[in-house]
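Enquirer: My structure is in model.cif, and what it holds is mmCIF, C-alpha atoms:
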data_start
#
loop_
_atom_site.label_atom_id
_atom_site.label_comp_id
_atom_site.auth_asym_id
_atom_site.auth_seq_id
_atom_site.Cartn_x
_atom_site.Cartn_y
_atom_site.Cartn_z
CA MET J 154 39.94 16.94 3.42
CA PRO J 155 39.97 13.19 3.31
CA GLY J 156 36.80 12.78 5.40
CA MET J 157 34.73 14.90 3.06
CA LYS J 158 33.83 12.18 0.60
CA PHE J 159 32.55 9.95 3.37
CA THR J 160 30.50 12.63 5.04
CA LEU J 161 28.60 13.18 1.81
CA LEU J 162 27.70 9.54 1.60
CA ARG J 163 27.12 8.93 5.27
CA ARG J 164 23.57 8.38 6.45
CA THR J 165 22.31 7.67 9.93
CA CYS J 166 19.91 4.79 10.43
CA LYS J 167 17.09 7.26 10.73
CA GLN J 168 18.00 8.86 7.42
CA ALA J 169 18.41 5.43 5.84
CA ALA J 170 14.97 4.44 7.15
CA ALA J 171 13.41 7.54 5.61
CA LEU J 172 15.07 6.71 2.28
CA LEU J 173 13.87 3.11 2.41
CA VAL J 174 10.31 4.32 2.80
CA ALA J 175 10.67 7.10 0.22
CA ARG J 176 12.05 4.63 -2.30
CA GLU J 177 8.61 3.03 -2.54
CA ASP J 178 7.20 6.17 -4.10
CA ARG J 179 9.98 8.09 -5.75
CA ALA J 180 13.35 7.59 -7.35
CA LEU J 181 16.13 8.53 -4.97
CA SER J 182 18.81 10.99 -6.01
CA LEU J 183 22.06 9.35 -7.02
CA PRO J 184 23.93 10.35 -3.84
CA ASP J 185 21.04 9.14 -1.68
CA SER J 186 20.81 5.91 -3.56
CA VAL J 187 24.55 5.21 -3.31
CA ALA J 188 24.65 6.29 0.33
CA LEU J 189 21.73 4.01 1.14
CA ARG J 190 23.41 1.06 -0.51
CA LEU J 191 26.61 1.72 1.43
CA HIS J 192 24.69 2.09 4.65
CA LEU J 193 22.84 -1.18 4.14
CA MET J 194 26.13 -2.97 3.58
CA ALA J 195 27.60 -1.69 6.81
CA CYS J 196 24.56 -1.73 9.08
CA LYS J 197 23.02 -4.71 10.87
CA ALA J 198 19.71 -3.08 11.77
CA CYS J 199 18.64 -1.38 8.56
CA PRO J 200 18.56 -4.49 6.36
CA ARG J 201 15.82 -5.73 8.68
CA LEU J 202 13.81 -2.64 7.98
CA GLU J 203 14.53 -3.07 4.29
CA ASN J 204 13.17 -6.60 4.54
CA GLN J 205 10.04 -5.28 6.25
CA ILE J 206 9.46 -2.77 3.46
CA LEU J 207 10.10 -5.40 0.79
CA THR J 208 7.68 -7.77 2.53
CA MET J 209 5.05 -5.05 2.44
CA ARG J 210 5.77 -4.33 -1.22
CA GLN J 211 5.33 -7.98 -2.15
CA ALA J 212 2.31 -8.32 0.08
CA MET J 213 0.56 -5.42 -1.63
CA ALA J 214 1.39 -6.86 -5.04
CA GLN J 215 -0.16 -10.19 -4.08
CA TRP J 216 -3.11 -8.52 -2.39
CA ARG J 217 -3.75 -6.56 -5.58
CA GLN J 218 -3.79 -9.71 -7.70
CA ALA J 219 -6.22 -11.89 -5.83
CA PRO J 220 -7.18 -10.19 -2.62
CA ASP J 221 -9.85 -12.65 -1.48
CA GLU J 222 -8.35 -15.83 -2.77
CA LYS J 223 -5.47 -16.24 -0.45
CA GLY J 224 -4.59 -19.47 1.18
CA GLY J 225 -1.55 -20.79 -0.58
CA GLN J 226 -3.07 -20.84 -4.05
CA ALA J 227 -0.76 -18.28 -5.49
CA GLY J 228 -1.84 -19.01 -9.05
CA SER J 229 -5.53 -18.41 -8.44
CA GLY J 230 -5.55 -15.26 -10.54
CA GLN J 231 -4.29 -17.05 -13.57
CA PRO J 232 -6.48 -18.66 -16.22
CA MET Y 50 -25.00 -22.49 -15.95
CA ALA Y 51 -25.53 -19.16 -14.24
CA THR Y 52 -26.70 -16.28 -16.38
CA PHE Y 53 -24.35 -13.38 -16.93
CA GLU Y 54 -26.41 -11.30 -14.48
CA GLU Y 55 -26.11 -13.98 -11.82
CA GLN Y 56 -22.39 -14.22 -12.36
CA LEU Y 57 -22.07 -10.47 -11.94
CA VAL Y 58 -24.04 -10.44 -8.72
CA GLU Y 59 -21.71 -13.05 -7.28
CA HIS Y 60 -18.91 -10.51 -7.42
CA ARG Y 61 -20.80 -7.62 -5.95
CA VAL Y 62 -19.66 -8.12 -2.37
CA TYR Y 63 -16.08 -8.39 -3.47
CA LEU Y 64 -16.28 -5.21 -5.54
CA MET Y 65 -17.97 -3.34 -2.70
CA ARG Y 66 -15.21 -4.24 -0.31
CA PHE Y 67 -12.60 -2.69 -2.57
CA ALA Y 68 -14.66 0.34 -3.45
CA ARG Y 69 -15.27 1.00 0.26
CA LEU Y 70 -11.65 0.51 1.17
CA GLN Y 71 -10.50 2.87 -1.56
CA LEU Y 72 -13.19 5.54 -1.34
CA ARG Y 73 -13.91 5.43 2.41
CA ASN Y 74 -17.41 6.55 1.65
CA ASP Y 75 -20.26 4.06 1.45
CA ALA Y 76 -22.45 6.13 -0.86
CA TRP Y 77 -19.63 6.63 -3.35
CA ALA Y 78 -18.73 2.97 -3.11
CA GLU Y 79 -22.33 1.99 -3.89
CA ASP Y 80 -22.28 4.32 -6.89
CA ALA Y 81 -18.99 2.97 -8.19
CA VAL Y 82 -20.11 -0.63 -7.92
CA SER Y 83 -23.55 -0.01 -9.42
CA GLU Y 84 -21.98 1.79 -12.34
CA THR Y 85 -19.50 -1.02 -12.75
CA LEU Y 86 -22.23 -3.66 -12.89
CA LEU Y 87 -24.31 -1.54 -15.28
CA ALA Y 88 -21.34 -1.05 -17.55
CA ALA Y 89 -20.67 -4.78 -17.48
CA LEU Y 90 -24.31 -5.57 -18.27
CA SER Y 91 -24.23 -3.25 -21.24
CA LYS Y 92 -21.51 -5.30 -22.86
CA PRO Y 93 -21.96 -8.89 -21.74
CA GLN Y 94 -18.98 -11.11 -22.38
CA SER Y 95 -18.25 -14.66 -21.59
CA PHE Y 96 -15.19 -15.68 -19.65
CA GLY Y 97 -13.50 -18.99 -19.23
CA ASN Y 98 -13.63 -18.80 -15.47
CA ARG Y 99 -14.69 -16.79 -12.48
CA SER Y 100 -11.41 -15.08 -11.91
CA GLN Y 101 -11.23 -13.74 -15.46
CA LEU Y 102 -14.65 -12.18 -15.05
CA LYS Y 103 -13.54 -10.77 -11.72
CA THR Y 104 -10.40 -9.28 -13.20
CA TRP Y 105 -12.49 -7.64 -15.90
CA LEU Y 106 -14.93 -6.23 -13.35
CA VAL Y 107 -12.13 -4.93 -11.15
CA GLY Y 108 -10.70 -3.18 -14.20
CA ILE Y 109 -14.02 -1.42 -14.80
CA LEU Y 110 -14.39 -0.64 -11.10
CA LYS Y 111 -11.00 1.04 -10.98
CA HIS Y 112 -12.05 3.42 -13.73
CA LYS Y 113 -15.31 4.21 -11.98
CA VAL Y 114 -13.49 4.79 -8.71
CA ILE Y 115 -11.01 7.17 -10.34
CA ASP Y 116 -13.94 9.07 -11.88
CA LEU Y 117 -15.53 9.38 -8.47
CA ILE Y 118 -12.31 10.54 -6.83
CA ARG Y 119 -11.91 13.07 -9.61
CA SER Y 120 -15.40 14.49 -9.28
CA ASN Y 121 -15.08 14.64 -5.50
CA ALA Y 122 -11.48 15.79 -5.49
CA ARG Y 123 -12.15 18.73 -3.26
CA GLU Y 124 -13.54 16.57 -0.47
CA VAL Y 125 -11.03 13.82 -0.94
CA SER Y 126 -7.91 15.91 -1.10
CA LEU Y 127 -8.02 17.48 2.33
CA PRO Y 128 -5.82 15.29 4.47
CA ASP Y 129 -7.28 15.02 7.93
CA TYR Y 130 -4.31 15.86 10.04
CA GLY Y 131 -4.96 14.87 13.61
CA ALA Y 132 -2.97 16.19 16.52
CA ASP Y 133 -1.16 12.89 16.82
CA ASP Y 134 -0.05 13.09 13.19
CA GLU Y 135 2.35 15.81 14.14
CA ALA Y 136 4.72 13.31 15.67
CA ASP Y 137 7.17 11.89 13.20
CA GLU Y 138 6.06 8.38 12.36
CA LEU Y 139 9.69 7.39 12.06
CA ASP Y 140 10.11 7.92 15.77
CA LYS Y 141 8.00 4.84 16.38
CA LEU Y 142 10.96 2.87 15.14
CA ALA Y 143 12.78 4.09 18.23
CA PHE Y 144 15.86 6.03 17.22
CA GLN Y 145 18.47 7.45 19.52
CA ALA Y 146 19.44 11.09 19.34
CA ASP Y 147 22.42 10.20 17.14
CA GLY Y 148 20.16 8.60 14.53
CA HIS Y 149 20.93 4.99 15.43
CA PHE Y 150 18.29 2.45 16.30
CA ALA Y 151 17.65 2.16 20.03
CA SER Y 152 16.70 -1.42 19.33
CA PRO Y 153 16.96 -3.08 15.93
CA PRO Y 154 13.79 -3.53 13.86
CA GLN Y 155 11.92 -6.82 14.10
CA ASP Y 156 13.16 -9.61 11.90
CA TRP Y 157 10.21 -10.38 9.61
CA GLY Y 158 11.88 -13.45 8.19
CA ASP Y 159 11.33 -14.79 4.71
CA PRO Y 160 8.63 -12.78 2.89
CA GLN Y 161 7.58 -15.84 0.88
CA GLN Y 162 6.70 -17.71 4.05
CA THR Y 163 4.65 -14.80 5.27
CA LEU Y 164 2.83 -14.36 1.98
CA ALA Y 165 1.89 -18.02 1.82
CA GLN Y 166 -0.33 -17.61 4.87
CA SER Y 167 -3.91 -16.59 4.16
CA GLN Y 168 -4.31 -15.30 7.69
CA PHE Y 169 -1.62 -12.71 7.01
CA PHE Y 170 -3.78 -11.12 4.34
CA LYS Y 171 -6.67 -10.78 6.75
CA VAL Y 172 -4.38 -8.81 9.04
CA LEU Y 173 -3.07 -6.78 6.10
CA ASP Y 174 -6.66 -6.00 5.10
CA ALA Y 175 -7.52 -4.89 8.60
CA CYS Y 176 -4.39 -2.74 8.78
CA VAL Y 177 -5.19 -1.03 5.46
CA GLU Y 178 -8.73 -0.42 6.68
CA ARG Y 179 -7.38 1.07 9.86
CA LEU Y 180 -5.46 3.82 8.07
CA PRO Y 181 -7.17 7.20 8.51
CA PRO Y 182 -9.46 7.86 5.50
CA ALA Y 183 -7.30 10.42 3.72
CA LEU Y 184 -4.15 8.35 4.16
CA GLY Y 185 -5.96 5.18 3.16
CA ARG Y 186 -7.22 6.75 -0.05
CA LEU Y 187 -3.80 8.03 -1.04
CA PHE Y 188 -2.15 4.75 -0.19
CA LEU Y 189 -4.62 2.71 -2.22
CA MET Y 190 -4.48 5.13 -5.12
CA ARG Y 191 -0.86 4.08 -5.32
CA GLU Y 192 -1.20 0.44 -4.35
CA TRP Y 193 -4.57 -0.61 -5.70
CA LEU Y 194 -5.35 1.84 -8.49
CA GLU Y 195 -1.64 1.78 -9.32
CA LEU Y 196 -1.51 5.46 -10.17
CA SER Y 197 1.84 7.17 -10.40
CA CYS Y 198 2.65 9.88 -7.88
CA GLU Y 199 2.25 12.44 -10.68
CA GLU Y 200 -1.25 11.15 -11.40
CA VAL Y 201 -2.25 11.17 -7.73
CA CYS Y 202 -0.96 14.73 -7.35
CA LYS Y 203 -2.88 15.80 -10.41
CA GLU Y 204 -6.15 14.14 -9.38
CA LEU Y 205 -6.04 15.60 -5.90
CA SER Y 206 -4.17 18.84 -6.60
CA LEU Y 207 -1.48 17.91 -4.13
CA THR Y 208 2.13 19.02 -4.26
CA PRO Y 209 4.58 16.13 -4.59
CA THR Y 210 6.10 17.03 -1.22
CA ASN Y 211 2.73 16.82 0.48
CA LEU Y 212 1.97 13.52 -1.22
CA TYR Y 213 5.31 12.02 -0.22
CA VAL Y 214 4.80 13.05 3.38
CA GLN Y 215 1.36 11.43 3.42
CA LEU Y 216 2.55 8.23 1.78
CA HIS Y 217 5.49 8.05 4.16
CA ARG Y 218 3.01 8.21 7.04
CA ALA Y 219 0.72 5.66 5.50
CA ARG Y 220 3.51 3.17 4.86
CA LEU Y 221 4.97 3.53 8.33
CA ARG Y 222 1.57 3.16 9.95
CA LEU Y 223 0.90 0.05 7.98
CA ARG Y 224 4.32 -1.26 8.95
CA GLU Y 225 3.61 -0.60 12.59
CA CYS Y 226 0.21 -2.27 12.41
CA LEU Y 227 1.69 -5.39 10.82
CA ALA Y 228 4.55 -5.38 13.30
CA ILE Y 229 2.11 -5.43 16.19
CA HIS Y 230 -0.71 -7.57 14.85
CA TRP Y 231 1.13 -10.11 12.77
CA PHE Y 232 4.82 -10.17 13.47
CA GLY Y 233 4.39 -9.33 17.13
CA THR Y 234 3.29 -12.84 17.98
CA PRO Y 235 6.40 -14.74 19.08
CA THR Y 236 5.07 -18.08 17.82
CA ARG Y 237 5.15 -16.76 14.27
#
Show the structure stored in the file as structure tokens.

Expert:
Amino acid sequence: MPGMKFTLLRRTCKQAAALLVAREDRALSLPDSVALRLHLMACKACPRLENQILTMRQAMAQWRQAPDEKGGQAGSGQP
Amino acid sequence: MATFEEQLVEHRVYLMRFARLQLRNDAWAEDAVSETLLAALSKPQSFGNRSQLKTWLVGILKHKVIDLIRSNAREVSLPDYGADDEADELDKLAFQADGHFASPPQDWGDPQQTLAQSQFFKVLDACVERLPPALGRLFLMREWLELSCEEVCKELSLTPTNLYVQLHRARLRLRECLAIHWFGTPTR
């Protein structure tokens, strides 16, 4: 069954999207994590979603640091 | 030179904003901030600059907020499912029946460029505030209080599955809000 291996690691965009969101809060299983990586390499649409999620991750990190001192002064939280 | 008390008062509005956003309850937020300022007054310290004092105060506030969440866990932990929550948030990304995107997600461009714009954080703030209370609390317990999922589950007596479902909703709602209110403008 040559197709078997691929089926295990195949994810639809919808499944990949769910994994991209889940990854923010929990460690993915090894098969999920490998399958997601493979999917992102082959897919044109999902890397955009990944970029959206990463943008949100970085935005929350910055928001947490100096939430009312935005405006280009990234180092405002530092002494 | 402002007295320590005066310096503390300067940060009150800021602390209130966070306490409100996290607790979604004005009375609790007042309590958390008052207790924070009292705790700070009881051990006055001097700081080299405003932001160090602020960081210290935020640290105290986070502890007070966690205490409040803990003592009100029963009220806090009931997620307010609305009828519209039943729909899978993922469907807003427009998938076809075969699991492919009907149209590809928006290109959000370089995150660094986005994050350099102060206006973006106003929109982010508004989008966080717009999350339904229960989702907003859970989301900020992760993102502002920086609790692990295990800790959030423990504080609120949630199962991990339930928590993950809620966080998934919160993140996708926030994504949608940003997509519409920030990235939706073609000039950006």

Enquirer: What does the distance from atom CA of Y:Leu184 to atom CA of Y:Arg220 come to in Å, to one decimal?

Expert: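 Spanning atom CA of Y:Leu184 to atom CA of Y:Arg220 is a straight-line distance of 9.3 Å.
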
Enquirer: Check which residues satisfy the PyMOL selection byres ((chain J and resi 201) around 8) in the file shown, then give them as a PyMOL selection string.

Expert: (chain J and resi 197-200+202-205) or (chain Y and resi 153-157)

Enquirer: I need the output of the PyMOL selection byres ((chain Y) within 8 of (chain J)) for this file as a CSV table (one decimal) with C-alpha atoms, in the coordinates of the input; which residues are they?

Expert:
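Output saved as part-v7.csv:
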chain,number,residue,atom,x,y,z
Y,63,TYR,CA,-16.1,-8.4,-3.5
Y,97,GLY,CA,-13.5,-19.0,-19.2
Y,98,ASN,CA,-13.6,-18.8,-15.5
Y,100,SER,CA,-11.4,-15.1,-11.9
Y,101,GLN,CA,-11.2,-13.7,-15.5
Y,139,LEU,CA,9.7,7.4,12.1
Y,144,PHE,CA,15.9,6.0,17.2
Y,147,ASP,CA,22.4,10.2,17.1
Y,148,GLY,CA,20.2,8.6,14.5
Y,149,HIS,CA,20.9,5.0,15.4
Y,150,PHE,CA,18.3,2.4,16.3
Y,153,PRO,CA,17.0,-3.1,15.9
Y,154,PRO,CA,13.8,-3.5,13.9
Y,155,GLN,CA,11.9,-6.8,14.1
Y,156,ASP,CA,13.2,-9.6,11.9
Y,157,TRP,CA,10.2,-10.4,9.6
Y,158,GLY,CA,11.9,-13.4,8.2
Y,160,PRO,CA,8.6,-12.8,2.9
Y,164,LEU,CA,2.8,-14.4,2.0
Y,165,ALA,CA,1.9,-18.0,1.8
Y,166,GLN,CA,-0.3,-17.6,4.9
Y,167,SER,CA,-3.9,-16.6,4.2
Y,168,GLN,CA,-4.3,-15.3,7.7
Y,170,PHE,CA,-3.8,-11.1,4.3
Y,192,GLU,CA,-1.2,0.4,-4.4
Y,193,TRP,CA,-4.6,-0.6,-5.7
Y,198,CYS,CA,2.6,9.9,-7.9
Y,213,TYR,CA,5.3,12.0,-0.2
Y,216,LEU,CA,2.6,8.2,1.8
Y,217,HIS,CA,5.5,8.0,4.2
Y,220,ARG,CA,3.5,3.2,4.9
Y,221,LEU,CA,5.0,3.5,8.3
Y,224,ARG,CA,4.3,-1.3,9.0

Enquirer: Step by step, work through what the PyMOL selection byres ((chain J and resi 185) around 10) selects in the shown file, and finish by giving those residues as a list of chain:residue names.

Expert: J:Leu161, J:Leu162, J:Arg163, J:Arg164, J:Gln168, J:Ala169, J:Leu172, J:Ala180, J:Leu181, J:Ser182, J:Leu183, J:Pro184, J:Ser186, J:Val187, J:Ala188, J:Leu189, J:Arg190, J:Leu191

Enquirer: One number please: atom CA of Y:Arg61 to atom CA of Y:Lys92, in Å, one decimal.

Expert: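 Pair atom CA of Y:Arg61 / atom CA of Y:Lys92 returns 17.1 Å.
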
Enquirer: Can you measure atom CA of Y:Ala68 to atom CA of Y:Lys111 for me? One decimal in Å is fine.

Expert: 8.4 Å

Enquirer: Which residues, written as a list in words, have at least one atom at most 6 Å from stretch 75-86 of chain Y, with only C-alpha atoms counted and residues fewer than 2 positions away on the same chain left out?

Expert: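 Listing them by chain and then by number gives Ala68, Arg69, Ala88, Ala89, Ile109, Leu110, Lys113 and Val114 of chain Y.
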
Enquirer: When you look at Y:Leu212 with a cut-off of 12 Å (counting only C-alpha atoms), what residues show up, excluding the ones that are within fewer than 5 positions of it in the same chain? I need them as a compact mmCIF listing (two decimals) with C-alpha atoms, in the coordinates of the input.

Expert:
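Produced file part-v6.txt, reproduced below:
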# COMPACT_ATOMS: atom_id res chain seq x y z
CA ALA J 175 10.67 7.10 0.22
CA ASP J 178 7.20 6.17 -4.10
CA ARG J 179 9.98 8.09 -5.75
CA SER Y 126 -7.91 15.91 -1.10
CA LEU Y 127 -8.02 17.48 2.33
CA PRO Y 128 -5.82 15.29 4.47
CA ALA Y 183 -7.30 10.42 3.72
CA LEU Y 184 -4.15 8.35 4.16
CA ARG Y 186 -7.22 6.75 -0.05
CA LEU Y 187 -3.80 8.03 -1.04
CA PHE Y 188 -2.15 4.75 -0.19
CA MET Y 190 -4.48 5.13 -5.12
CA ARG Y 191 -0.86 4.08 -5.32
CA SER Y 197 1.84 7.17 -10.40
CA CYS Y 198 2.65 9.88 -7.88
CA GLU Y 199 2.25 12.44 -10.68
CA GLU Y 200 -1.25 11.15 -11.40
CA VAL Y 201 -2.25 11.17 -7.73
CA CYS Y 202 -0.96 14.73 -7.35
CA LYS Y 203 -2.88 15.80 -10.41
CA GLU Y 204 -6.15 14.14 -9.38
CA LEU Y 205 -6.04 15.60 -5.90
CA SER Y 206 -4.17 18.84 -6.60
CA LEU Y 207 -1.48 17.91 -4.13
CA HIS Y 217 5.49 8.05 4.16
CA ARG Y 218 3.01 8.21 7.04
CA ALA Y 219 0.72 5.66 5.50

Enquirer: Around stretch 104-120 of chain Y, with edges along x, y and z and 8 Å added on all six sides, what centre and edge lengths do you get, in Å to one decimal, as JSON?

Expert:
{"center_x": -13.0, "center_y": 2.6, "center_z": -11.4, "size_x": 21.1, "size_y": 39.8, "size_z": 25.1}
